[in-house]
$ cat work_24.cif   # mmCIF, C-alpha atoms
data_upload
#
loop_
_atom_site.group_PDB
_atom_site.id
_atom_site.type_symbol
_atom_site.label_atom_id
_atom_site.label_comp_id
_atom_site.auth_asym_id
_atom_site.auth_seq_id
_atom_site.Cartn_x
_atom_site.Cartn_y
_atom_site.Cartn_z
ATOM 1 C CA MET X 1 27.721 21.758 75.005
ATOM 2 C CA LEU X 2 25.582 24.839 74.405
ATOM 3 C CA HIS X 3 27.620 25.733 71.313
ATOM 4 C CA THR X 4 27.027 22.259 69.867
ATOM 5 C CA VAL X 5 23.255 22.494 70.418
ATOM 6 C CA GLN X 6 23.112 25.959 68.808
ATOM 7 C CA LYS X 7 25.086 24.707 65.784
ATOM 8 C CA THR X 8 22.751 21.677 65.352
ATOM 9 C CA CYS X 9 19.631 23.869 65.558
ATOM 10 C CA ARG X 10 21.101 26.321 63.033
ATOM 11 C CA THR X 11 21.871 23.437 60.594
ATOM 12 C CA SER X 12 18.390 21.905 60.857
ATOM 13 C CA TRP X 13 16.765 25.318 60.447
ATOM 14 C CA CYS X 14 18.783 26.041 57.282
ATOM 15 C CA ARG X 15 17.857 22.650 55.866
ATOM 16 C CA LEU X 16 14.159 23.316 56.484
ATOM 17 C CA VAL X 17 14.355 26.709 54.799
ATOM 18 C CA THR X 18 16.185 25.201 51.782
ATOM 19 C CA ASP X 19 13.575 22.467 51.357
ATOM 20 C CA PHE X 20 10.759 25.002 51.580
ATOM 21 C CA ILE X 21 12.325 27.243 48.885
ATOM 22 C CA ASN X 22 12.889 24.306 46.525
ATOM 23 C CA LYS X 23 9.305 23.117 46.909
ATOM 24 C CA CYS X 24 7.996 26.621 46.155
ATOM 25 C CA GLN X 25 10.139 26.802 42.982
ATOM 26 C CA VAL X 26 8.946 23.404 41.757
ATOM 27 C CA SER X 27 5.275 24.228 42.362
ATOM 28 C CA THR X 28 5.645 27.620 40.649
ATOM 29 C CA SER X 29 7.343 26.141 37.549
ATOM 30 C CA THR X 30 4.694 23.406 37.310
ATOM 31 C CA ALA X 31 1.889 25.960 37.467
ATOM 32 C CA VAL X 32 3.520 28.100 34.772
ATOM 33 C CA LEU X 33 3.929 25.112 32.478
ATOM 34 C CA GLN X 34 0.310 24.088 32.990
ATOM 35 C CA ASN X 35 -0.850 27.585 32.107
ATOM 36 C CA LEU X 36 1.306 27.618 28.999
ATOM 37 C CA GLY X 37 0.032 24.190 27.975
ATOM 38 C CA SER X 38 -3.602 25.228 28.381
ATOM 39 C CA SER X 39 -3.162 28.520 26.511
ATOM 40 C CA SER X 40 -1.195 27.160 23.509
ATOM 41 C CA SER X 41 -2.971 25.163 20.789
ATOM 42 C CA GLY X 42 -1.316 22.244 18.998
ATOM 43 C CA THR X 43 1.766 22.252 21.264
ATOM 44 C CA GLN X 44 2.322 19.466 23.778
ATOM 45 C CA PHE X 45 4.585 19.656 26.828
ATOM 46 C CA ILE X 46 6.302 16.517 28.112
ATOM 47 C CA HIS X 47 7.837 16.764 31.611
ATOM 48 C CA ALA X 48 11.027 14.766 32.128
ATOM 49 C CA GLU X 49 11.942 14.304 35.784
ATOM 50 C CA ARG X 50 15.464 14.092 37.105
ATOM 51 C CA GLY X 51 16.799 13.824 40.681
ATOM 52 C CA SER X 52 18.646 16.663 42.359
ATOM 53 C CA GLY X 53 21.273 16.569 45.052
ATOM 54 C CA VAL X 54 18.910 17.676 47.858
ATOM 55 C CA GLY X 55 16.429 14.887 47.134
ATOM 56 C CA VAL X 56 13.773 17.089 45.442
ATOM 57 C CA LYS X 57 12.737 16.133 41.886
ATOM 58 C CA GLN X 58 12.980 18.923 39.348
ATOM 59 C CA THR X 59 11.000 18.876 36.106
ATOM 60 C CA THR X 60 12.498 19.951 32.791
ATOM 61 C CA PRO X 61 10.014 20.649 29.941
ATOM 62 C CA VAL X 62 10.620 18.971 26.577
ATOM 63 C CA TYR X 63 8.566 20.533 23.784
ATOM 64 C CA ASP X 64 7.020 18.319 21.086
ATOM 65 C CA ARG X 65 5.741 20.471 18.203
ATOM 66 C CA ARG X 66 4.656 17.534 16.055
ATOM 67 C CA GLN X 67 1.001 17.645 15.096
ATOM 68 C CA PRO X 68 -1.149 14.876 16.612
ATOM 69 C CA LEU X 69 -1.752 12.057 14.126
ATOM 70 C CA PRO X 70 -4.349 9.293 14.207
ATOM 71 C CA LEU X 71 -3.049 6.033 15.576
ATOM 72 C CA ILE X 72 -5.488 3.913 13.536
ATOM 73 C CA THR X 73 -6.907 4.696 10.116
ATOM 74 C CA SER X 74 -10.184 2.852 9.676
ATOM 75 C CA ARG X 75 -11.266 1.705 6.232
ATOM 76 C CA LYS X 76 -14.488 0.214 5.021
ATOM 77 C CA ILE X 77 -13.789 -3.243 3.580
ATOM 78 C CA ASP X 78 -16.197 -4.603 0.990
ATOM 79 C CA PHE X 79 -17.165 -8.279 1.155
ATOM 80 C CA PRO X 80 -15.579 -8.910 4.586
ATOM 81 C CA ASN X 81 -14.440 -12.426 5.354
ATOM 82 C CA ARG X 82 -16.250 -13.931 8.336
ATOM 83 C CA PHE X 83 -13.503 -16.426 9.138
ATOM 84 C CA ILE X 84 -10.282 -14.446 8.629
ATOM 85 C CA LYS X 85 -9.488 -11.179 10.357
ATOM 86 C CA PRO X 86 -8.305 -8.229 8.239
ATOM 87 C CA ARG X 87 -4.576 -7.824 7.951
ATOM 88 C CA GLN X 88 -2.956 -4.574 9.051
ATOM 89 C CA ALA X 89 -0.078 -2.509 7.708
ATOM 90 C CA TRP X 90 1.592 0.752 8.669
ATOM 91 C CA LEU X 91 0.687 3.907 6.775
ATOM 92 C CA GLU X 92 3.916 5.772 5.993
ATOM 93 C CA THR X 93 4.887 8.995 4.271
ATOM 94 C CA LEU X 94 7.557 10.085 1.785
ATOM 95 C CA SER X 95 7.677 13.703 2.969
ATOM 96 C CA SER X 96 10.591 12.979 5.309
ATOM 97 C CA ILE X 97 13.588 10.673 5.228
ATOM 98 C CA GLU X 98 12.839 9.361 8.700
ATOM 99 C CA ASP X 99 10.465 6.405 8.868
ATOM 100 C CA GLU X 100 7.401 8.205 10.229
ATOM 101 C CA LYS X 101 4.228 6.207 10.830
ATOM 102 C CA LEU X 102 0.934 7.976 10.185
ATOM 103 C CA GLY X 103 -1.378 5.180 11.275
ATOM 104 C CA ILE X 104 -2.498 1.606 10.688
ATOM 105 C CA VAL X 105 -4.472 0.481 7.630
ATOM 106 C CA ASP X 106 -6.720 -2.574 7.424
ATOM 107 C CA LEU X 107 -6.172 -4.832 4.404
ATOM 108 C CA HIS X 108 -8.631 -7.346 2.985
ATOM 109 C CA PRO X 109 -7.581 -10.909 3.858
ATOM 110 C CA ASP X 110 -8.817 -12.322 0.529
ATOM 111 C CA ILE X 111 -6.335 -10.091 -1.302
ATOM 112 C CA PHE X 112 -3.356 -9.871 1.060
ATOM 113 C CA CYS X 113 -3.661 -13.225 2.855
ATOM 114 C CA THR X 114 -3.841 -15.833 0.105
ATOM 115 C CA TYR X 115 -2.130 -19.203 0.210
ATOM 116 C CA PRO X 116 1.098 -19.031 -1.878
ATOM 117 C CA ARG X 117 0.857 -20.840 -5.205
ATOM 118 C CA LEU X 118 4.185 -21.060 -7.019
ATOM 119 C CA ASP X 119 2.558 -22.775 -9.988
ATOM 120 C CA ILE X 120 0.188 -19.839 -10.483
ATOM 121 C CA LEU X 121 3.060 -17.365 -10.267
ATOM 122 C CA HIS X 122 5.022 -19.420 -12.804
ATOM 123 C CA GLU X 123 2.098 -19.518 -15.235
ATOM 124 C CA ASN X 124 1.616 -15.749 -14.988
ATOM 125 C CA VAL X 125 5.311 -14.987 -15.487
ATOM 126 C CA ARG X 126 5.578 -17.410 -18.393
ATOM 127 C CA TRP X 127 2.490 -15.939 -20.031
ATOM 128 C CA GLN X 128 3.742 -12.353 -19.625
ATOM 129 C CA THR X 129 7.130 -13.167 -21.136
ATOM 130 C CA THR X 130 5.691 -15.245 -23.997
ATOM 131 C CA TYR X 131 2.509 -13.647 -25.313
ATOM 132 C CA LYS X 132 4.307 -10.628 -26.829
ATOM 133 C CA ARG X 133 7.172 -12.622 -28.326
ATOM 134 C CA ILE X 134 7.615 -12.702 -32.102
ATOM 135 C CA SER X 135 10.244 -14.945 -33.696
ATOM 136 C CA PHE X 136 11.788 -13.759 -36.987
ATOM 137 C CA ALA X 137 13.930 -16.862 -37.544
ATOM 138 C CA LYS X 138 13.844 -18.169 -41.124
ATOM 139 C CA THR X 139 15.719 -20.916 -42.942
ATOM 140 C CA LYS X 140 16.083 -21.671 -46.655
ATOM 141 C CA THR X 141 14.730 -24.759 -48.292
ATOM 142 C CA ARG X 142 16.571 -26.682 -51.006
ATOM 143 C CA ALA X 143 14.767 -24.607 -53.593
ATOM 144 C CA GLU X 144 16.054 -21.325 -52.140
ATOM 145 C CA VAL X 145 19.707 -22.311 -51.664
ATOM 146 C CA ARG X 146 22.026 -21.160 -54.433
ATOM 147 C CA GLY X 147 23.499 -23.797 -56.749
ATOM 148 C CA GLY X 148 22.808 -27.503 -56.877
ATOM 149 C CA GLY X 149 21.551 -27.656 -60.462
ATOM 150 C CA LYS X 150 24.014 -30.289 -61.641
ATOM 151 C CA LYS X 151 23.848 -33.916 -60.609
ATOM 152 C CA PRO X 152 26.909 -34.683 -58.448
ATOM 153 C CA TRP X 153 27.688 -37.994 -60.181
ATOM 154 C CA PRO X 154 25.934 -40.457 -62.439
ATOM 155 C CA GLN X 155 23.063 -42.458 -61.110
ATOM 156 C CA LYS X 156 24.937 -45.791 -61.377
ATOM 157 C CA TYR X 157 28.241 -44.501 -59.963
ATOM 158 C CA PRO X 158 30.200 -47.283 -58.239
ATOM 159 C CA SER X 159 30.306 -47.360 -54.397
ATOM 160 C CA LYS X 160 28.241 -44.179 -54.000
ATOM 161 C CA SER X 161 24.611 -43.572 -53.168
ATOM 162 C CA ARG X 162 22.255 -41.940 -55.574
ATOM 163 C CA GLN X 163 22.232 -38.114 -55.349
ATOM 164 C CA GLY X 164 20.350 -35.620 -57.455
ATOM 165 C CA SER X 165 21.583 -32.260 -56.018
ATOM 166 C CA ARG X 166 24.285 -30.851 -53.758
ATOM 167 C CA ARG X 167 21.667 -28.678 -52.014
ATOM 168 C CA SER X 168 19.714 -31.581 -50.605
ATOM 169 C CA PRO X 169 19.007 -31.432 -46.830
ATOM 170 C CA LEU X 170 21.332 -34.466 -46.533
ATOM 171 C CA TRP X 171 24.309 -32.417 -47.683
ATOM 172 C CA LYS X 172 26.389 -29.903 -45.777
ATOM 173 C CA GLY X 173 25.456 -26.421 -46.995
ATOM 174 C CA GLY X 174 22.181 -27.661 -48.370
ATOM 175 C CA GLY X 175 18.647 -26.611 -47.554
ATOM 176 C CA VAL X 176 16.817 -27.152 -44.248
ATOM 177 C CA ALA X 177 13.786 -29.390 -44.097
ATOM 178 C CA LYS X 178 10.898 -28.288 -41.833
ATOM 179 C CA GLY X 179 12.809 -25.297 -40.412
ATOM 180 C CA PRO X 180 11.318 -21.988 -39.178
ATOM 181 C CA ARG X 181 9.721 -19.983 -41.923
ATOM 182 C CA GLY X 182 9.566 -16.269 -41.239
ATOM 183 C CA SER X 183 7.896 -14.348 -38.389
ATOM 184 C CA ARG X 184 5.934 -16.367 -35.865
ATOM 185 C CA SER X 185 3.779 -14.967 -33.081
ATOM 186 C CA TYR X 186 3.584 -16.677 -29.688
ATOM 187 C CA PHE X 187 0.494 -14.768 -28.616
ATOM 188 C CA CYS X 188 -1.655 -16.655 -26.137
ATOM 189 C CA LEU X 189 -4.282 -15.942 -23.501
ATOM 190 C CA LEU X 190 -4.475 -16.780 -19.815
ATOM 191 C CA ASN X 191 -7.673 -17.379 -17.915
ATOM 192 C CA THR X 192 -8.958 -14.370 -16.013
ATOM 193 C CA SER X 193 -9.280 -16.454 -12.856
ATOM 194 C CA LYS X 194 -5.568 -17.311 -13.006
ATOM 195 C CA LYS X 195 -4.648 -13.669 -13.566
ATOM 196 C CA VAL X 196 -6.674 -12.611 -10.523
ATOM 197 C CA LEU X 197 -5.229 -15.419 -8.408
ATOM 198 C CA GLY X 198 -1.718 -14.513 -9.539
ATOM 199 C CA LEU X 199 -2.160 -10.903 -8.403
ATOM 200 C CA ARG X 200 -3.571 -12.037 -5.063
ATOM 201 C CA VAL X 201 -0.708 -14.477 -4.488
ATOM 202 C CA ALA X 202 1.942 -11.910 -5.440
ATOM 203 C CA LEU X 203 0.458 -9.261 -3.117
ATOM 204 C CA SER X 204 0.180 -11.798 -0.308
ATOM 205 C CA VAL X 205 3.809 -12.873 -0.742
ATOM 206 C CA LYS X 206 5.010 -9.269 -0.687
ATOM 207 C CA TYR X 207 2.989 -8.594 2.443
ATOM 208 C CA ALA X 208 4.205 -11.768 4.202
ATOM 209 C CA GLN X 209 7.852 -10.962 3.434
ATOM 210 C CA ASP X 210 7.450 -7.366 4.721
ATOM 211 C CA ASP X 211 8.196 -6.026 1.246
ATOM 212 C CA LEU X 212 4.865 -4.193 0.908
ATOM 213 C CA HIS X 213 4.711 -0.593 2.139
ATOM 214 C CA ILE X 214 1.713 1.743 1.999
ATOM 215 C CA VAL X 215 2.171 5.516 1.826
ATOM 216 C CA ASP X 216 -0.287 8.387 1.882
ATOM 217 C CA SER X 217 0.955 9.858 -1.445
ATOM 218 C CA LEU X 218 3.998 10.057 -3.709
ATOM 219 C CA GLU X 219 4.744 13.686 -2.862
ATOM 220 C CA ILE X 220 8.364 14.504 -2.022
ATOM 221 C CA PRO X 221 9.755 17.943 -1.098
ATOM 222 C CA THR X 222 12.613 18.000 -3.635
ATOM 223 C CA SER X 223 13.439 16.673 -7.092
ATOM 224 C CA GLU X 224 16.992 15.561 -6.257
ATOM 225 C CA LYS X 225 17.677 11.868 -6.662
ATOM 226 C CA LYS X 226 19.882 11.933 -3.555
ATOM 227 C CA TYR X 227 16.785 12.468 -1.407
ATOM 228 C CA ILE X 228 14.932 9.400 -2.687
ATOM 229 C CA GLU X 229 18.127 7.302 -2.501
ATOM 230 C CA GLU X 230 18.743 8.272 1.127
ATOM 231 C CA LEU X 231 15.091 7.632 1.968
ATOM 232 C CA ILE X 232 15.123 4.120 0.502
ATOM 233 C CA GLU X 233 18.513 3.326 2.035
ATOM 234 C CA SER X 234 17.469 4.495 5.508
ATOM 235 C CA ARG X 235 14.289 2.397 5.378
ATOM 236 C CA GLN X 236 16.113 -0.623 3.878
ATOM 237 C CA TRP X 237 13.772 -1.082 0.934
ATOM 238 C CA GLY X 238 16.320 -2.904 -1.196
ATOM 239 C CA LEU X 239 18.017 -2.201 -4.506
ATOM 240 C CA SER X 240 14.870 -2.013 -6.678
ATOM 241 C CA VAL X 241 11.545 -0.429 -5.757
ATOM 242 C CA LEU X 242 8.240 -0.323 -7.634
ATOM 243 C CA PHE X 243 5.895 2.569 -6.796
ATOM 244 C CA ILE X 244 2.183 2.166 -7.568
ATOM 245 C CA ASP X 245 -0.150 5.168 -7.723
ATOM 246 C CA GLU X 246 -3.874 5.313 -8.358
ATOM 247 C CA THR X 247 -3.423 7.619 -11.380
ATOM 248 C CA ASP X 248 -0.920 7.846 -14.219
ATOM 249 C CA VAL X 249 0.053 11.423 -13.302
ATOM 250 C CA VAL X 250 2.689 11.995 -10.600
ATOM 251 C CA SER X 251 4.205 15.128 -9.157
ATOM 252 C CA GLU X 252 7.052 16.859 -10.966
ATOM 253 C CA ASN X 253 9.529 16.363 -8.111
ATOM 254 C CA PHE X 254 8.841 12.644 -7.923
ATOM 255 C CA ALA X 255 9.069 12.190 -11.708
ATOM 256 C CA ARG X 256 12.379 14.063 -11.948
ATOM 257 C CA ALA X 257 13.890 12.161 -9.020
ATOM 258 C CA LEU X 258 12.980 8.720 -10.384
ATOM 259 C CA ASP X 259 13.931 9.588 -13.956
ATOM 260 C CA LYS X 260 17.613 9.511 -12.993
ATOM 261 C CA ILE X 261 17.475 6.118 -11.244
ATOM 262 C CA PRO X 262 16.855 3.143 -13.556
ATOM 263 C CA HIS X 263 16.048 0.579 -10.845
ATOM 264 C CA PHE X 264 13.294 2.696 -9.244
ATOM 265 C CA ASN X 265 10.093 2.623 -11.312
ATOM 266 C CA VAL X 266 6.596 4.049 -10.987
ATOM 267 C CA MET X 267 3.453 2.492 -12.472
ATOM 268 C CA PRO X 268 -0.279 3.293 -12.441
ATOM 269 C CA VAL X 269 -2.567 0.897 -10.655
ATOM 270 C CA TYR X 270 -4.166 -0.372 -13.878
ATOM 271 C CA GLY X 271 -0.738 -1.628 -15.030
ATOM 272 C CA LEU X 272 0.011 -3.699 -11.929
ATOM 273 C CA ASN X 273 1.143 -7.211 -12.876
ATOM 274 C CA VAL X 274 2.797 -10.249 -11.356
ATOM 275 C CA TYR X 275 6.056 -10.039 -13.306
ATOM 276 C CA SER X 276 6.780 -6.442 -12.245
ATOM 277 C CA MET X 277 6.033 -7.183 -8.587
ATOM 278 C CA LEU X 278 8.367 -10.180 -8.514
ATOM 279 C CA LYS X 279 11.056 -8.314 -10.452
ATOM 280 C CA HIS X 280 11.418 -5.587 -7.793
ATOM 281 C CA ASN X 281 12.506 -6.110 -4.205
ATOM 282 C CA THR X 282 9.976 -3.753 -2.620
ATOM 283 C CA LEU X 283 6.454 -2.731 -3.567
ATOM 284 C CA VAL X 284 5.278 0.718 -2.431
ATOM 285 C CA MET X 285 1.590 1.509 -2.941
ATOM 286 C CA THR X 286 -0.432 4.585 -2.147
ATOM 287 C CA LEU X 287 -3.585 4.250 -0.083
ATOM 288 C CA GLY X 288 -5.700 5.058 -3.136
ATOM 289 C CA ALA X 289 -3.950 2.346 -5.143
ATOM 290 C CA VAL X 290 -4.659 -0.217 -2.419
ATOM 291 C CA GLU X 291 -8.350 0.666 -2.471
ATOM 292 C CA ALA X 292 -8.484 0.464 -6.278
ATOM 293 C CA VAL X 293 -6.743 -2.946 -6.355
ATOM 294 C CA GLU X 294 -9.014 -4.359 -3.671
ATOM 295 C CA GLN X 295 -12.134 -3.085 -5.411
ATOM 296 C CA LYS X 296 -11.168 -4.515 -8.799
ATOM 297 C CA LEU X 297 -10.084 -7.937 -7.513
ATOM 298 C CA LEU X 298 -13.095 -8.296 -5.231
ATOM 299 C CA GLU X 299 -15.378 -7.544 -8.171
ATOM 300 C CA HIS X 300 -13.894 -10.502 -10.029
ATOM 301 C CA LEU X 301 -14.077 -12.764 -6.979
ATOM 302 C CA HIS X 302 -17.728 -11.974 -6.208
ATOM 303 C CA SER X 303 -18.992 -11.472 -9.739
ATOM 304 C CA THR X 304 -22.436 -12.916 -10.540
ATOM 305 C CA GLU X 305 -22.082 -12.633 -14.296
ATOM 306 C CA ASN X 306 -21.844 -16.385 -14.992
ATOM 307 C CA ARG X 307 -23.712 -17.612 -11.954
ATOM 308 C CA ASP X 308 -27.058 -18.181 -13.707
ATOM 309 C CA LYS X 309 -25.573 -19.135 -17.081
ATOM 310 C CA LYS X 310 -26.802 -22.438 -18.480
ATOM 311 C CA TYR X 311 -24.130 -24.741 -19.780
ATOM 312 C CA VAL X 312 -25.132 -27.040 -22.645
ATOM 313 C CA LEU X 313 -23.022 -30.076 -23.509
ATOM 314 C CA ASN X 314 -22.131 -30.462 -27.163
ATOM 315 C CA SER X 315 -23.843 -33.546 -28.574
#
$ encode --input "work_24.cif" --output "structure tokens"
Amino acid sequence: MLHTVQKTCRTSWCRLVTDFINKCQVSTSTAVLQNLGSSSSGTQFIHAERGSGVGVKQTTPVYDRRQPLPLITSRKIDFPNRFIKPRQAWLETLSSIEDEKLGIVDLHPDIFCTYPRLDILHENVRWQTTYKRISFAKTKTRAEVRGGGKKPWPQKYPSKSRQGSRRSPLWKGGGVAKGPRGSRSYFCLLNTSKKVLGLRVALSVKYAQDDLHIVDSLEIPTSEKKYIEELIESRQWGLSVLFIDETDVVSENFARALDKIPHFNVMPVYGLNVYSMLKHNTLVMTLGAVEAVEQKLLEHLHSTENRDKKYVLNS
């Protein structure tokens, strides 16, 4: 009986000592980590807890050396819409293959939230594919076709109609009446309002289909085409991508990488058009390009140039 009591007391005493030692170790490690976290700059410590066999929780530090980034990037929007809230899009980067988000960008609803108009898109595409067309088709008249100087048969030939030449447009191998005559230009103009509306509709459609991506810049760390291919494949941007920058000068690495891939193209912001946006699966724009597009389109929407113009009916 006495032996059993002594054994029970010894077991409980050992358990108390073990719990006390474990608690001291946990408190010491926590204090050391707090001191390290307060002394280091730019380094964050994340404590991941896991259960131990004794029932005491031990903390294991996981170091995150990534620099803190802003969660929201605020932008000043000109001519804000009082009835529609600004749309938002992620701000990404091309400096790494992983899809890293740098923040959230506000987009003007009048530019990126327009009602889809297929007729406007069709007019813009038809105008872009037609206005630079030149037809060089040409046919010969009866005067230019060789031969045909002799009358086929007499005027009063029995059971045959009257014919004066074998090169008549009625004959096979003869001339062509009212056919195309040389080069013809199909140049035409489209109203500026329809051009602006077409750009707004195309940008809105790309944004609604999640095919519009905004990046901080077009800087990449290497000039190998394998890097840009892996980046686009990992982010599932499709088979063809159109990059838009605010200037017509890009970095050497980016130019060399895209030069070897025919279905990846880069374009300055002043060359943005409806046909190119619809031709590519994904549209990637820099933040500066987004600001330039919004500024230019909003100027056309809120222009006061013809507001006070007097219209006179022709009598």
$ atom_distance --input "work_24.cif" --atom1 "atom CA of Ile134 of chain X" --atom2 "atom CA of Gly179 of chain X"
16.0 Å
$ residues_around --input "work_24.cif" --residues "Ala137 of chain X" --least-positions-apart "3" --cutoff "8 Å" --atoms "all atoms listed in the file" --output "PyMOL selection string"
chain X and resi 180-183
$ atom_distance --input "work_24.cif" --atom1 "atom CA of Ser217 of chain X" --atom2 "atom CA of Glu299 of chain X"
24.8 Å
$ closest_atom_pairs --input "work_24.cif" --of "segment 97-131 of chain X" --to "segment 185-200 of chain X" --cutoff "6 Å" --atoms "all atoms listed in the file" --output "tab-separated table"
residue	atom	partner	partner_atom	distance
X:Ile111	CA	X:Arg200	CA	5.1
X:Ile120	CA	X:Gly198	CA	5.7
X:Leu121	CA	X:Gly198	CA	5.6
X:Tyr131	CA	X:Phe187	CA	4.0
$ write_last_selection --input "work_24.cif" --atoms "C-alpha atoms" --output "compact mmCIF listing (two decimals), in the frame of the given file"
# COMPACT_ATOMS: atom_id res chain seq x y z
CA ILE X 111 -6.34 -10.09 -1.30
CA ILE X 120 0.19 -19.84 -10.48
CA LEU X 121 3.06 -17.36 -10.27
CA TYR X 131 2.51 -13.65 -25.31
$ atom_distance --input "work_24.cif" --atom1 "atom CA of Val241 of chain X" --atom2 "atom CA of His280 of chain X"
5.5 Å
$ residues_around --input "work_24.cif" --residues "Asp106 of chain X" --least-positions-apart "4" --cutoff "7 Å" --atoms "only C-alpha atoms" --output "compact mmCIF listing (two decimals) with C-alpha atoms, in the frame of the given file"
# COMPACT_ATOMS: atom_id res chain seq x y z
CA SER X 74 -10.18 2.85 9.68
CA ARG X 75 -11.27 1.70 6.23
CA PRO X 86 -8.30 -8.23 8.24
CA ARG X 87 -4.58 -7.82 7.95
CA GLN X 88 -2.96 -4.57 9.05
CA ALA X 89 -0.08 -2.51 7.71
$ resolve_selection --input "work_24.cif" --expression "the PyMOL selection byres ((chain X and resi 90) around 9)" --output "list of chain:residue names"
X:Gln88, X:Ala89, X:Leu91, X:Glu92, X:Lys101, X:Leu102, X:Gly103, X:Ile104, X:Val105, X:His213, X:Ile214, X:Val215
$ resolve_selection --input "work_24.cif" --expression "the PyMOL selection byres ((chain X and resi 168) around 12)" --output "PyMOL selection string"
chain X and resi 140-152+162-167+169-177
$ residues_around --input "work_24.cif" --residues "Val205 of chain X" --least-positions-apart "6" --cutoff "9 Å" --atoms "only C-alpha atoms" --output "list in words"
Phe112, Cys113, Thr114, Tyr115, Pro116, Asp211 and Leu212 of chain X
$ closest_residue --input "work_24.cif" --among "X:Asn124, X:Asn265, X:Gln236, X:Thr286" --to "Asp210 of chain X" --atoms "only C-alpha atoms"
X:Gln236
$ build_atoms --input "work_24.cif" --residues "segment 208-219 of chain X" --atoms "N, CA, C and O atoms" --output "PDB file, keeping the file's coordinate frame"
ATOM      1  N   ALA X 208       3.653 -10.817   3.235  1.00  0.00           N
ATOM      2  CA  ALA X 208       4.205 -11.768   4.202  1.00  0.00           C
ATOM      3  C   ALA X 208       5.703 -11.575   4.391  1.00  0.00           C
ATOM      4  O   ALA X 208       6.230 -11.782   5.492  1.00  0.00           O
ATOM      5  N   GLN X 209       6.410 -11.168   3.342  1.00  0.00           N
ATOM      6  CA  GLN X 209       7.852 -10.962   3.434  1.00  0.00           C
ATOM      7  C   GLN X 209       8.221  -9.556   3.883  1.00  0.00           C
ATOM      8  O   GLN X 209       9.400  -9.189   3.850  1.00  0.00           O
ATOM      9  N   ASP X 210       7.234  -8.743   4.266  1.00  0.00           N
ATOM     10  CA  ASP X 210       7.450  -7.366   4.721  1.00  0.00           C
ATOM     11  C   ASP X 210       8.077  -6.517   3.618  1.00  0.00           C
ATOM     12  O   ASP X 210       8.871  -5.608   3.881  1.00  0.00           O
ATOM     13  N   ASP X 211       7.720  -6.807   2.389  1.00  0.00           N
ATOM     14  CA  ASP X 211       8.196  -6.026   1.246  1.00  0.00           C
ATOM     15  C   ASP X 211       7.089  -5.163   0.652  1.00  0.00           C
ATOM     16  O   ASP X 211       7.259  -4.621  -0.443  1.00  0.00           O
ATOM     17  N   LEU X 212       5.976  -5.034   1.344  1.00  0.00           N
ATOM     18  CA  LEU X 212       4.865  -4.193   0.908  1.00  0.00           C
ATOM     19  C   LEU X 212       4.744  -3.020   1.870  1.00  0.00           C
ATOM     20  O   LEU X 212       4.591  -3.215   3.084  1.00  0.00           O
ATOM     21  N   HIS X 213       4.814  -1.806   1.328  1.00  0.00           N
ATOM     22  CA  HIS X 213       4.711  -0.593   2.139  1.00  0.00           C
ATOM     23  C   HIS X 213       3.628   0.297   1.536  1.00  0.00           C
ATOM     24  O   HIS X 213       3.541   0.454   0.310  1.00  0.00           O
ATOM     25  N   ILE X 214       2.836   0.890   2.410  1.00  0.00           N
ATOM     26  CA  ILE X 214       1.713   1.743   1.999  1.00  0.00           C
ATOM     27  C   ILE X 214       2.013   3.162   2.459  1.00  0.00           C
ATOM     28  O   ILE X 214       2.342   3.392   3.634  1.00  0.00           O
ATOM     29  N   VAL X 215       1.904   4.109   1.538  1.00  0.00           N
ATOM     30  CA  VAL X 215       2.171   5.516   1.826  1.00  0.00           C
ATOM     31  C   VAL X 215       0.915   6.320   1.538  1.00  0.00           C
ATOM     32  O   VAL X 215       0.005   5.872   0.827  1.00  0.00           O
ATOM     33  N   ASP X 216       0.877   7.532   2.096  1.00  0.00           N
ATOM     34  CA  ASP X 216      -0.287   8.387   1.882  1.00  0.00           C
ATOM     35  C   ASP X 216      -0.322   8.968   0.472  1.00  0.00           C
ATOM     36  O   ASP X 216      -1.365   9.094  -0.137  1.00  0.00           O
ATOM     37  N   SER X 217       0.854   9.321  -0.080  1.00  0.00           N
ATOM     38  CA  SER X 217       0.955   9.858  -1.445  1.00  0.00           C
ATOM     39  C   SER X 217       2.408   9.749  -1.883  1.00  0.00           C
ATOM     40  O   SER X 217       3.295   9.396  -1.090  1.00  0.00           O
ATOM     41  N   LEU X 218       2.652  10.086  -3.145  1.00  0.00           N
ATOM     42  CA  LEU X 218       3.998  10.057  -3.709  1.00  0.00           C
ATOM     43  C   LEU X 218       4.597  11.450  -3.788  1.00  0.00           C
ATOM     44  O   LEU X 218       5.411  11.728  -4.677  1.00  0.00           O
ATOM     45  N   GLU X 219       4.223  12.321  -2.886  1.00  0.00           N
ATOM     46  CA  GLU X 219       4.744  13.686  -2.862  1.00  0.00           C
ATOM     47  C   GLU X 219       6.049  13.721  -2.078  1.00  0.00           C
ATOM     48  O   GLU X 219       6.133  13.216  -0.957  1.00  0.00           O
TER      49      GLU X 219
END
